[in-house]
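Chemist: I'd like to ask some things about the structure below.
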Amino acid sequence: MSLWLIAWRNIQQRSLASGLTALSMALGVALVAAVLVIHGVIDRSFRRGAQGYDLVIGPKGSPMQLVLNTVYYLGDPVGKIPYEHYMELISHRFQLPDGRVALPFTKCIPVCMGGSHLGFPLVATTPEFFELSFMEGGHYEFTRHGGQGRNMEIGNPWEAVIGPVVAKAANLKLGDQFQPRHTTGVEEEEDHEHHPFTVVGIFAPTGTPNDRAIFVNIEGFWRMHEHDHEQDTDSPGSESVSAGQSGSSASTAPQKPVPTEHRQPPSSSSASLSNPSSEHTPPHHAIQRAISAVLVRLDESDPTLNVALPRLIEDYRIGGVQAFQAVHPSVEVAKLLEGIIGNVQLVLLILAILVVVVAGVGILVSIYNSMNERKRDIAIMRALGASRLTVMMVILLESILLSLGGGAVGVVLSHGLIGILGPIITEHTGVQISALQFQLSELVLIPGLIVLASIVGYLPAVAAYRTDVAKALAASP
Amino acid sequence: MVLQLKEVKKSFTEPDGSPLPILDIPWFELGPGEQMVLVGPSGCGKTTLLHVIAGISRPDSGHVKVNGWDITLMTEAEVDRFRAETIGYVFQTFNLLPGFTALENVMLGMRFGRGRVDRNRAKYLLERVGLGHRLHHKPTALSVGEQQRVSVARALANRPKLILADEPTANVDAGHQQQIVDLLRKTCQEEKVALLIVTHNMEVAGQFSRVDRLEDFNLVLKKPSSSSLSPSDQ
């Protein structure tokens with residue numbers, strides 16, 4: 001018969017008081033575990049979202065806003081980059097600090113934000129967006145793991161690819177058509193009729209904000225805006241390409257994407273898009289053609305370039321004016337996580353730990369209050385030969401059992417709730433969270449609870465240690 | 001001798017700080033396997049004497065030898081362990097732990113001795129006291145007679161050399177008193193354990209060949225000025 005069993009029997013003997021005490025500990029630990037898990041999931045989700053790109057280039061403005069809007073689809077775009085400025089930038093040969101002259105971009109993906117469908121953000125981009133990995137080792141899947149259909153094709157401007165969260169929430173299936181709104185949000189507003197986009201692909205869940213976004217061919221997006229512009233300016237004689245025509249027209253966009261390898265100007269997928277200055281596109285369309293940002297993948301084998309590039313891009317002048325900013329999304333995300341989310345987590349964690357400490361004090365009070373009625377039991381154990389240290393250990397073990405038992409229930413409670421609420425959270429935020437997502441930091445709970453239990457159990461344990469056996473045995477039972 | 005007391009004195013402190021003498025025993029002994037009864041009026045120090053013999057209380061002076069070992073020279077932890085291994089104690093109020101089954105109560109005594117819990121012996125002892133069918137019952141589910149029988153089994157668990165029984169029949173109904181006495185005597189005889197029973201029940205005392213009166217050898221009770229009472233006897 002171990003001391004653990006003796007402690008457990010003592011707990012059973014006072015099952016109601018012990019149960020309530022353990023419950024308070026369970027609630028406290030559940031709170032701590034929930035904070036740790038949710039923070040871990042948010043942290044991973046944010047970092048995962050930022051992993052796909054080495055650099056985000058956008059108009060001059062807030063770097064945080066640029067990253068939040070471009071990578072997480074939050075807030076408004078910083079501004080617009082005229083398409084010709086973008087083309088000029090990506091074909092520019094930069095002089096590096098080591099004297100080399102280089103075309104620095106391995107992959108450039110233009111994106112244009114603006115518009116939404118049923119509250120989900122609309123992202124206009126090129127098919128190459130889905131050829132990049134969204135994180136290390138993570139590729140967009142259209143045929144496996146729940147993915148359906150295919151990537152959009154560069155020659156079909158009215159094609160769209162949607163994230164799995166959008167597909168479920170907006171009930172969009174392959175072949176469905178939709179007309180996005182020009183603004184974000186779900187508010188009803190006056191919108192022009194224009195050519196609908198057709199869903200051709202639903203990619204498998206990535207656990208990134210992309211899961212809750214709608215991706216349309218940037219060519220179609222531009223045409224949609226051109227069409228609206230024509231309607232707004234009421235110019236029936238304009239030369240704009242009608243939606244019907246453009247949907248089947250290959251003349252505005254080459255069929256074959258141009259390879260975008262490093263040092264092959266222009267190193268952008270948009271080089272394969274209809275060039276505003278080309279003979280196929282009416283000149284006034286160039287006014288409409290702008291992008292919000294450029295997602296860049298750099299050559300990992302050239303650290304000098306990667307370090308120097310943001311500065312070089314920011315120093316790049318068009319018409320004597322700074323035109324761009326370049327930010328490392330992972331750096332901005334780290335700032336966000338450490339500066340804001342980290343502090344929020346810290347506050348929540350401190351509050352949750354305080355709840356656990358209060359629950360610990362509850363254990364102290366519960367055991368200490370029971371000491372009077374248990375003096376006789378302790379005296380009996382002493383009379384049977386238990387040493388003072390042994391009875392002290394029994395009380396400490398009792399405190400540890402209550403804490404660890406309550407803690408285990410708390411962790412199960414926390415993960416159970418996360419399991420129940422997970423699908424709802426995923427549906428609304430795209431953040432994938434499941435009951436089995438454990439954080440390494442949760443392991444700290446075990447030694448933490450043992451230390452707490454030892455501290456709170458010490459006082460009653462000392463009372464047990466000091467029990468006068470003869471006096472306690474003489475007292476009436 | 002399995003038990004030997006020499007010049008043992010014990011007193012308590014009164015609220016005003018003055019000493020209250022309880023025991024002053026020049027000599028007392030009990031042979032191996034011997035069975036005896038110690039009688040005396042209430043409050044004469046019988047329980048205090050048992051506590052001193054068991055090492056639960058320390059004498060103010062003198063020597064207490066159990067099975068040849070002077071427990072007054074041991075540290076408290078050594079006495080605790082020695083008590084667990086060498087002395088069995090049967091209480092007037094049984095003192096079974098309420099959260100434990102009959103079997104666990106018996107095994108509890110083993111845990112504090114050599115640390116090795118012999119489940120089979122615990123079962124055997126309970127069967128021997130007629131409780132083989134009540135192994136997993138908690139004390140509240142047992143009659144007082146059954147509880148005292150568990151207490152006897154527990155006292156024998158570690159194969160002690162000496163059993164101290166403090167008024168073992170006082171809380172047992174008349175019908176079962178003799179059963180308890182017979183059980184104690186028989187099992188002690190079989191296990192070759194010395195038995196010291198404290199009682200004021202003369203019917204019980206009459207069954208033993210050796211009956212000592214505490215007032216005959218406790219000098220505190222012989223002094224004319226003595227009006228001492230042991231707190232634990234009250």
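To be explicit about the labels: the chains of the structure tokens are called A, B, and onward in the order shown, and within each one the residues are counted from 1, while ligands get numbers from 1 in the order they are shown.
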From segment 299-359 of chain A, collect each residue whose DSSP state is alpha helix (DSSP H) and return the set as number ranges by chain.

Modeler: A: 303-315, 329-336, 342-359

Chemist: Please identify all polymer residues within 9 Å of His145 of chain A, counting only C-alpha atoms, omitting same-chain residues fewer than 4 positions from it, and present them as JSON, numbers by chain.

Modeler: {"A": [141, 203, 204, 205]}

Chemist: Kindly export the residues of the current selection with C-alpha atoms, as an mmCIF file, in the first residue's frame.

Modeler:
data_model
loop_
_atom_site.group_PDB
_atom_site.id
_atom_site.type_symbol
_atom_site.label_atom_id
_atom_site.label_comp_id
_atom_site.auth_asym_id
_atom_site.auth_seq_id
_atom_site.Cartn_x
_atom_site.Cartn_y
_atom_site.Cartn_z
ATOM 1 C CA GLU A 141 -3.575 20.786 -53.444
ATOM 2 C CA PHE A 203 -7.848 24.034 -52.753
ATOM 3 C CA ALA A 204 -7.299 21.781 -49.739
ATOM 4 C CA PRO A 205 -7.128 23.481 -46.299
#

Chemist: Excluding same-chain residues fewer than 3 positions from Lys186 of chain B, what lies within 12 Å of it counting only C-alpha atoms, as a PDB file with all heavy atoms, in the first residue's frame?

Modeler:
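Full text of selection28.pdb as output:
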ATOM      1  N   GLY B  33       5.523 -14.023  25.383  1.00  0.00           N
ATOM      2  CA  GLY B  33       4.304 -14.816  25.255  1.00  0.00           C
ATOM      3  C   GLY B  33       3.403 -14.751  26.473  1.00  0.00           C
ATOM      4  O   GLY B  33       2.338 -15.375  26.495  1.00  0.00           O
ATOM      5  N   GLN B  35       0.671 -13.432  29.142  1.00  0.00           N
ATOM      6  CA  GLN B  35      -0.570 -12.670  29.004  1.00  0.00           C
ATOM      7  C   GLN B  35      -0.975 -12.156  30.377  1.00  0.00           C
ATOM      8  O   GLN B  35      -1.015 -12.919  31.343  1.00  0.00           O
ATOM      9  CB  GLN B  35      -1.678 -13.553  28.428  1.00  0.00           C
ATOM     10  CG  GLN B  35      -1.360 -14.044  27.008  1.00  0.00           C
ATOM     11  CD  GLN B  35      -2.523 -14.773  26.364  1.00  0.00           C
ATOM     12  OE1 GLN B  35      -3.532 -15.048  27.014  1.00  0.00           O
ATOM     13  NE2 GLN B  35      -2.380 -15.103  25.088  1.00  0.00           N
ATOM     14  N   ARG B 128      -8.962 -15.311  10.012  1.00  0.00           N
ATOM     15  CA  ARG B 128      -8.775 -15.931  11.324  1.00  0.00           C
ATOM     16  C   ARG B 128      -9.658 -15.297  12.400  1.00  0.00           C
ATOM     17  O   ARG B 128     -10.078 -15.962  13.340  1.00  0.00           O
ATOM     18  CB  ARG B 128      -7.308 -15.783  11.714  1.00  0.00           C
ATOM     19  CG  ARG B 128      -6.915 -16.761  12.762  1.00  0.00           C
ATOM     20  CD  ARG B 128      -5.452 -16.972  12.715  1.00  0.00           C
ATOM     21  NE  ARG B 128      -4.967 -17.128  14.073  1.00  0.00           N
ATOM     22  CZ  ARG B 128      -3.718 -17.087  14.402  1.00  0.00           C
ATOM     23  NH1 ARG B 128      -2.802 -16.863  13.491  1.00  0.00           N
ATOM     24  NH2 ARG B 128      -3.344 -17.257  15.643  1.00  0.00           N
ATOM     25  N   VAL B 129      -9.904 -13.994  12.242  1.00  0.00           N
ATOM     26  CA  VAL B 129     -10.806 -13.346  13.220  1.00  0.00           C
ATOM     27  C   VAL B 129     -12.258 -13.423  12.735  1.00  0.00           C
ATOM     28  O   VAL B 129     -13.125 -12.715  13.238  1.00  0.00           O
ATOM     29  CB  VAL B 129     -10.395 -11.881  13.502  1.00  0.00           C
ATOM     30  CG1 VAL B 129      -9.019 -11.818  14.107  1.00  0.00           C
ATOM     31  CG2 VAL B 129     -10.490 -11.016  12.246  1.00  0.00           C
ATOM     32  N   VAL B 152      -7.894  -6.100  16.019  1.00  0.00           N
ATOM     33  CA  VAL B 152      -7.017  -7.171  16.526  1.00  0.00           C
ATOM     34  C   VAL B 152      -6.140  -7.706  15.388  1.00  0.00           C
ATOM     35  O   VAL B 152      -4.918  -7.882  15.542  1.00  0.00           O
ATOM     36  CB  VAL B 152      -7.863  -8.311  17.148  1.00  0.00           C
ATOM     37  CG1 VAL B 152      -6.996  -9.530  17.463  1.00  0.00           C
ATOM     38  CG2 VAL B 152      -8.572  -7.819  18.410  1.00  0.00           C
ATOM     39  N   LEU B 156      -1.899  -7.570  14.859  1.00  0.00           N
ATOM     40  CA  LEU B 156      -1.052  -8.753  14.648  1.00  0.00           C
ATOM     41  C   LEU B 156      -0.322  -8.740  13.308  1.00  0.00           C
ATOM     42  O   LEU B 156       0.523  -9.605  13.045  1.00  0.00           O
ATOM     43  CB  LEU B 156      -1.919 -10.019  14.716  1.00  0.00           C
ATOM     44  CG  LEU B 156      -2.451 -10.390  16.108  1.00  0.00           C
ATOM     45  CD1 LEU B 156      -3.616 -11.364  15.975  1.00  0.00           C
ATOM     46  CD2 LEU B 156      -1.351 -11.006  16.955  1.00  0.00           C
ATOM     47  N   GLN B 178     -16.697 -11.310  25.296  1.00  0.00           N
ATOM     48  CA  GLN B 178     -15.927 -12.524  25.538  1.00  0.00           C
ATOM     49  C   GLN B 178     -15.264 -13.022  24.252  1.00  0.00           C
ATOM     50  O   GLN B 178     -14.134 -13.512  24.270  1.00  0.00           O
ATOM     51  CB  GLN B 178     -16.860 -13.607  26.112  1.00  0.00           C
ATOM     52  CG  GLN B 178     -16.128 -14.838  26.623  1.00  0.00           C
ATOM     53  CD  GLN B 178     -15.065 -14.492  27.674  1.00  0.00           C
ATOM     54  OE1 GLN B 178     -15.337 -13.715  28.603  1.00  0.00           O
ATOM     55  NE2 GLN B 178     -13.871 -15.034  27.527  1.00  0.00           N
ATOM     56  N   GLN B 179     -15.989 -12.808  23.154  1.00  0.00           N
ATOM     57  CA  GLN B 179     -15.456 -13.214  21.844  1.00  0.00           C
ATOM     58  C   GLN B 179     -14.135 -12.486  21.563  1.00  0.00           C
ATOM     59  O   GLN B 179     -13.168 -13.085  21.093  1.00  0.00           O
ATOM     60  CB  GLN B 179     -16.492 -12.855  20.775  1.00  0.00           C
ATOM     61  CG  GLN B 179     -16.325 -13.587  19.484  1.00  0.00           C
ATOM     62  CD  GLN B 179     -17.383 -13.135  18.464  1.00  0.00           C
ATOM     63  OE1 GLN B 179     -18.167 -12.214  18.698  1.00  0.00           O
ATOM     64  NE2 GLN B 179     -17.387 -13.796  17.346  1.00  0.00           N
ATOM     65  N   ILE B 180     -14.108 -11.191  21.890  1.00  0.00           N
ATOM     66  CA  ILE B 180     -12.900 -10.388  21.636  1.00  0.00           C
ATOM     67  C   ILE B 180     -11.757 -10.865  22.542  1.00  0.00           C
ATOM     68  O   ILE B 180     -10.619 -11.034  22.097  1.00  0.00           O
ATOM     69  CB  ILE B 180     -13.195  -8.885  21.889  1.00  0.00           C
ATOM     70  CG1 ILE B 180     -14.219  -8.362  20.863  1.00  0.00           C
ATOM     71  CG2 ILE B 180     -11.914  -8.054  21.842  1.00  0.00           C
ATOM     72  CD1 ILE B 180     -13.745  -8.400  19.419  1.00  0.00           C
ATOM     73  N   VAL B 181     -12.098 -11.088  23.801  1.00  0.00           N
ATOM     74  CA  VAL B 181     -11.058 -11.535  24.746  1.00  0.00           C
ATOM     75  C   VAL B 181     -10.491 -12.878  24.303  1.00  0.00           C
ATOM     76  O   VAL B 181      -9.265 -13.077  24.261  1.00  0.00           O
ATOM     77  CB  VAL B 181     -11.634 -11.632  26.181  1.00  0.00           C
ATOM     78  CG1 VAL B 181     -10.602 -12.235  27.139  1.00  0.00           C
ATOM     79  CG2 VAL B 181     -12.056 -10.259  26.682  1.00  0.00           C
ATOM     80  N   ASP B 182     -11.389 -13.770  23.934  1.00  0.00           N
ATOM     81  CA  ASP B 182     -10.944 -15.098  23.494  1.00  0.00           C
ATOM     82  C   ASP B 182     -10.056 -14.987  22.259  1.00  0.00           C
ATOM     83  O   ASP B 182      -9.028 -15.661  22.151  1.00  0.00           O
ATOM     84  CB  ASP B 182     -12.155 -15.989  23.170  1.00  0.00           C
ATOM     85  CG  ASP B 182     -12.924 -16.370  24.432  1.00  0.00           C
ATOM     86  OD1 ASP B 182     -12.345 -16.215  25.529  1.00  0.00           O
ATOM     87  OD2 ASP B 182     -14.096 -16.799  24.316  1.00  0.00           O
ATOM     88  N   LEU B 183     -10.480 -14.124  21.354  1.00  0.00           N
ATOM     89  CA  LEU B 183      -9.728 -13.923  20.108  1.00  0.00           C
ATOM     90  C   LEU B 183      -8.316 -13.428  20.407  1.00  0.00           C
ATOM     91  O   LEU B 183      -7.327 -13.936  19.866  1.00  0.00           O
ATOM     92  CB  LEU B 183     -10.476 -12.909  19.227  1.00  0.00           C
ATOM     93  CG  LEU B 183      -9.874 -12.617  17.867  1.00  0.00           C
ATOM     94  CD1 LEU B 183      -9.943 -13.852  16.971  1.00  0.00           C
ATOM     95  CD2 LEU B 183     -10.624 -11.461  17.211  1.00  0.00           C
ATOM     96  N   GLN B 189      -1.552 -16.362  21.703  1.00  0.00           N
ATOM     97  CA  GLN B 189      -0.956 -17.648  22.072  1.00  0.00           C
ATOM     98  C   GLN B 189      -0.369 -18.334  20.823  1.00  0.00           C
ATOM     99  O   GLN B 189       0.765 -18.809  20.845  1.00  0.00           O
ATOM    100  CB  GLN B 189      -2.046 -18.533  22.678  1.00  0.00           C
ATOM    101  CG  GLN B 189      -1.526 -19.558  23.643  1.00  0.00           C
ATOM    102  CD  GLN B 189      -2.678 -20.159  24.461  1.00  0.00           C
ATOM    103  OE1 GLN B 189      -3.858 -20.078  24.107  1.00  0.00           O
ATOM    104  NE2 GLN B 189      -2.320 -20.776  25.570  1.00  0.00           N
ATOM    105  N   GLU B 190      -1.154 -18.342  19.762  1.00  0.00           N
ATOM    106  CA  GLU B 190      -0.708 -18.999  18.529  1.00  0.00           C
ATOM    107  C   GLU B 190       0.497 -18.304  17.901  1.00  0.00           C
ATOM    108  O   GLU B 190       1.386 -18.931  17.354  1.00  0.00           O
ATOM    109  CB  GLU B 190      -1.856 -19.035  17.519  1.00  0.00           C
ATOM    110  CG  GLU B 190      -2.892 -20.092  17.876  1.00  0.00           C
ATOM    111  CD  GLU B 190      -4.150 -19.976  17.015  1.00  0.00           C
ATOM    112  OE1 GLU B 190      -4.166 -19.146  16.079  1.00  0.00           O
ATOM    113  OE2 GLU B 190      -5.117 -20.700  17.302  1.00  0.00           O
ATOM    114  N   GLU B 191       0.489 -16.966  17.998  1.00  0.00           N
ATOM    115  CA  GLU B 191       1.588 -16.214  17.366  1.00  0.00           C
ATOM    116  C   GLU B 191       2.729 -15.979  18.353  1.00  0.00           C
ATOM    117  O   GLU B 191       3.695 -15.279  18.022  1.00  0.00           O
ATOM    118  CB  GLU B 191       1.050 -14.859  16.850  1.00  0.00           C
ATOM    119  CG  GLU B 191      -0.050 -14.986  15.822  1.00  0.00           C
ATOM    120  CD  GLU B 191       0.398 -14.678  14.401  1.00  0.00           C
ATOM    121  OE1 GLU B 191       1.432 -14.014  14.233  1.00  0.00           O
ATOM    122  OE2 GLU B 191      -0.282 -15.142  13.464  1.00  0.00           O
ATOM    123  N   LYS B 192       2.575 -16.509  19.555  1.00  0.00           N
ATOM    124  CA  LYS B 192       3.587 -16.362  20.622  1.00  0.00           C
ATOM    125  C   LYS B 192       3.892 -14.878  20.889  1.00  0.00           C
ATOM    126  O   LYS B 192       5.039 -14.445  20.918  1.00  0.00           O
ATOM    127  CB  LYS B 192       4.875 -17.110  20.257  1.00  0.00           C
ATOM    128  CG  LYS B 192       4.669 -18.611  20.144  1.00  0.00           C
ATOM    129  CD  LYS B 192       5.971 -19.307  19.848  1.00  0.00           C
ATOM    130  CE  LYS B 192       5.808 -20.821  19.831  1.00  0.00           C
ATOM    131  NZ  LYS B 192       4.798 -21.323  18.893  1.00  0.00           N
ATOM    132  N   VAL B 193       2.835 -14.150  21.093  1.00  0.00           N
ATOM    133  CA  VAL B 193       2.955 -12.708  21.338  1.00  0.00           C
ATOM    134  C   VAL B 193       2.551 -12.438  22.783  1.00  0.00           C
ATOM    135  O   VAL B 193       1.551 -12.986  23.261  1.00  0.00           O
ATOM    136  CB  VAL B 193       2.011 -11.926  20.394  1.00  0.00           C
ATOM    137  CG1 VAL B 193       2.113 -10.430  20.632  1.00  0.00           C
ATOM    138  CG2 VAL B 193       2.329 -12.246  18.947  1.00  0.00           C
ATOM    139  N   ALA B 194       3.344 -11.606  23.455  1.00  0.00           N
ATOM    140  CA  ALA B 194       2.987 -11.213  24.820  1.00  0.00           C
ATOM    141  C   ALA B 194       1.791 -10.272  24.764  1.00  0.00           C
ATOM    142  O   ALA B 194       1.693  -9.456  23.843  1.00  0.00           O
ATOM    143  CB  ALA B 194       4.169 -10.529  25.488  1.00  0.00           C
ATOM    144  N   LEU B 195       0.902 -10.393  25.738  1.00  0.00           N
ATOM    145  CA  LEU B 195      -0.329  -9.586  25.724  1.00  0.00           C
ATOM    146  C   LEU B 195      -0.496  -8.841  27.032  1.00  0.00           C
ATOM    147  O   LEU B 195      -0.457  -9.440  28.107  1.00  0.00           O
ATOM    148  CB  LEU B 195      -1.537 -10.513  25.486  1.00  0.00           C
ATOM    149  CG  LEU B 195      -2.927  -9.883  25.570  1.00  0.00           C
ATOM    150  CD1 LEU B 195      -3.142  -8.849  24.466  1.00  0.00           C
ATOM    151  CD2 LEU B 195      -4.018 -10.957  25.489  1.00  0.00           C
TER     152      LEU B 195
END

Chemist: What's around Glu338 of chain A at 12 Å? Count only C-alpha atoms, leave out sequence neighbours fewer than 6 positions away in its own chain, and write the answer as a PyMOL selection string.

Modeler: chain A and resi 39+43+46-47+330-332+344-346

Chemist: Would you kindly report the residues of chain A within 6 Å of chain B, using only C-alpha atoms, as an mmCIF file with N, CA and C atoms, in the first residue's frame?

Modeler:
data_model
loop_
_atom_site.group_PDB
_atom_site.id
_atom_site.type_symbol
_atom_site.label_atom_id
_atom_site.label_comp_id
_atom_site.auth_asym_id
_atom_site.auth_seq_id
_atom_site.Cartn_x
_atom_site.Cartn_y
_atom_site.Cartn_z
ATOM 1 N N ARG A 9 -7.162 7.643 -0.719
ATOM 2 C CA ARG A 9 -8.267 7.232 0.146
ATOM 3 C C ARG A 9 -8.749 8.419 1.005
ATOM 4 N N GLN A 13 -12.415 9.914 1.006
ATOM 5 C CA GLN A 13 -13.162 10.014 2.256
ATOM 6 C C GLN A 13 -13.920 11.350 2.330
ATOM 7 N N LEU A 384 0.295 3.580 14.539
ATOM 8 C CA LEU A 384 0.600 2.347 13.804
ATOM 9 C C LEU A 384 2.053 2.317 13.327
ATOM 10 N N GLY A 385 2.747 3.419 13.563
ATOM 11 C CA GLY A 385 4.172 3.417 13.231
ATOM 12 C C GLY A 385 4.587 4.394 12.155
ATOM 13 N N ALA A 386 3.632 5.190 11.632
ATOM 14 C CA ALA A 386 4.005 6.179 10.612
ATOM 15 C C ALA A 386 4.816 7.295 11.268
ATOM 16 N N SER A 387 5.885 7.698 10.613
ATOM 17 C CA SER A 387 6.689 8.787 11.168
ATOM 18 C C SER A 387 6.021 10.127 10.884
ATOM 19 N N ALA A 474 -6.517 10.587 22.611
ATOM 20 C CA ALA A 474 -7.346 10.702 23.812
ATOM 21 C C ALA A 474 -8.639 11.459 23.536
#

Chemist: Please list as a PyMOL selection string every residue within 10 Å of Gly130 of chain B, counting only C-alpha atoms and excluding residues in the same chain fewer than 2 positions away.

Modeler: chain B and resi 124-128+132-134+146+149-150+183

Chemist: For segment 434-444 of chain A, work out the shell of residues within 7 Å, counting only C-alpha atoms and skipping chain neighbours fewer than 6 positions away, then give it as a list in words.

Modeler: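 Surrounding residues, per the criterion: Ala33, Leu36, Val37, Gly40, His415, Gly416, Ile418, Gly419 and Gly422 of chain A.
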
Chemist: Next, the residues of the selection above should be written as a JSON list (two decimals), in the first residue's frame with N, CA, C and O atoms.

Modeler:
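Generated file (result-v7.json):
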[["chain", "number", "residue", "atom", "x", "y", "z"],
["A", 33, "ALA", "N", -4.72, 26.41, -20.03],
["A", 33, "ALA", "CA", -4.50, 25.57, -21.21],
["A", 33, "ALA", "C", -5.13, 26.21, -22.45],
["A", 33, "ALA", "O", -4.53, 26.22, -23.52],
["A", 36, "LEU", "N", -2.97, 29.03, -23.64],
["A", 36, "LEU", "CA", -1.75, 28.53, -24.27],
["A", 36, "LEU", "C", -2.05, 27.96, -25.66],
["A", 36, "LEU", "O", -1.35, 28.24, -26.62],
["A", 37, "VAL", "N", -3.12, 27.16, -25.74],
["A", 37, "VAL", "CA", -3.44, 26.53, -27.02],
["A", 37, "VAL", "C", -3.86, 27.57, -28.05],
["A", 37, "VAL", "O", -3.36, 27.59, -29.18],
["A", 40, "GLY", "N", -0.99, 29.59, -29.14],
["A", 40, "GLY", "CA", -0.12, 28.78, -29.99],
["A", 40, "GLY", "C", -0.69, 28.67, -31.40],
["A", 40, "GLY", "O", 0.03, 28.79, -32.39],
["A", 415, "HIS", "N", -9.41, 21.18, -23.88],
["A", 415, "HIS", "CA", -9.30, 20.63, -25.24],
["A", 415, "HIS", "C", -10.65, 20.14, -25.75],
["A", 415, "HIS", "O", -10.92, 20.20, -26.95],
["A", 416, "GLY", "N", -11.49, 19.66, -24.82],
["A", 416, "GLY", "CA", -12.83, 19.25, -25.23],
["A", 416, "GLY", "C", -13.61, 20.43, -25.77],
["A", 416, "GLY", "O", -14.25, 20.34, -26.83],
["A", 418, "ILE", "N", -12.33, 23.17, -26.96],
["A", 418, "ILE", "CA", -11.71, 23.59, -28.22],
["A", 418, "ILE", "C", -12.19, 22.66, -29.35],
["A", 418, "ILE", "O", -12.47, 23.12, -30.45],
["A", 419, "GLY", "N", -12.31, 21.37, -29.02],
["A", 419, "GLY", "CA", -12.80, 20.41, -30.02],
["A", 419, "GLY", "C", -14.21, 20.72, -30.47],
["A", 419, "GLY", "O", -14.54, 20.62, -31.64],
["A", 422, "GLY", "N", -13.97, 24.21, -32.20],
["A", 422, "GLY", "CA", -13.01, 24.25, -33.31],
["A", 422, "GLY", "C", -13.64, 24.47, -34.68],
["A", 422, "GLY", "O", -13.25, 25.39, -35.41]]

Chemist: DSSP on the backbone, strand (DSSP E or B) only: what residues of segment 100-187 of chain B does that give? Format it as a list in words.

Modeler: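 Strand (DSSP E or B) assignments inside segment 100-187 of chain B correspond to Leu162, Ile163, Leu164, Ala165 and Asp166 of chain B.
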
Chemist: Which residues, written as a VMD selection string, have at least one atom at most 12 Å from Asp315 of chain A, with only C-alpha atoms counted and residues fewer than 5 positions away on the same chain left out?

Modeler: chain A and resid 60 89 94 to 95 308 to 310 320 to 326

Chemist: Quick one, how far is atom CA of Leu397 of chain A from atom CA of Val32 of chain A?

Modeler: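 Separating atom CA of Leu397 of chain A from atom CA of Val32 of chain A is a distance of 22.8 Å.
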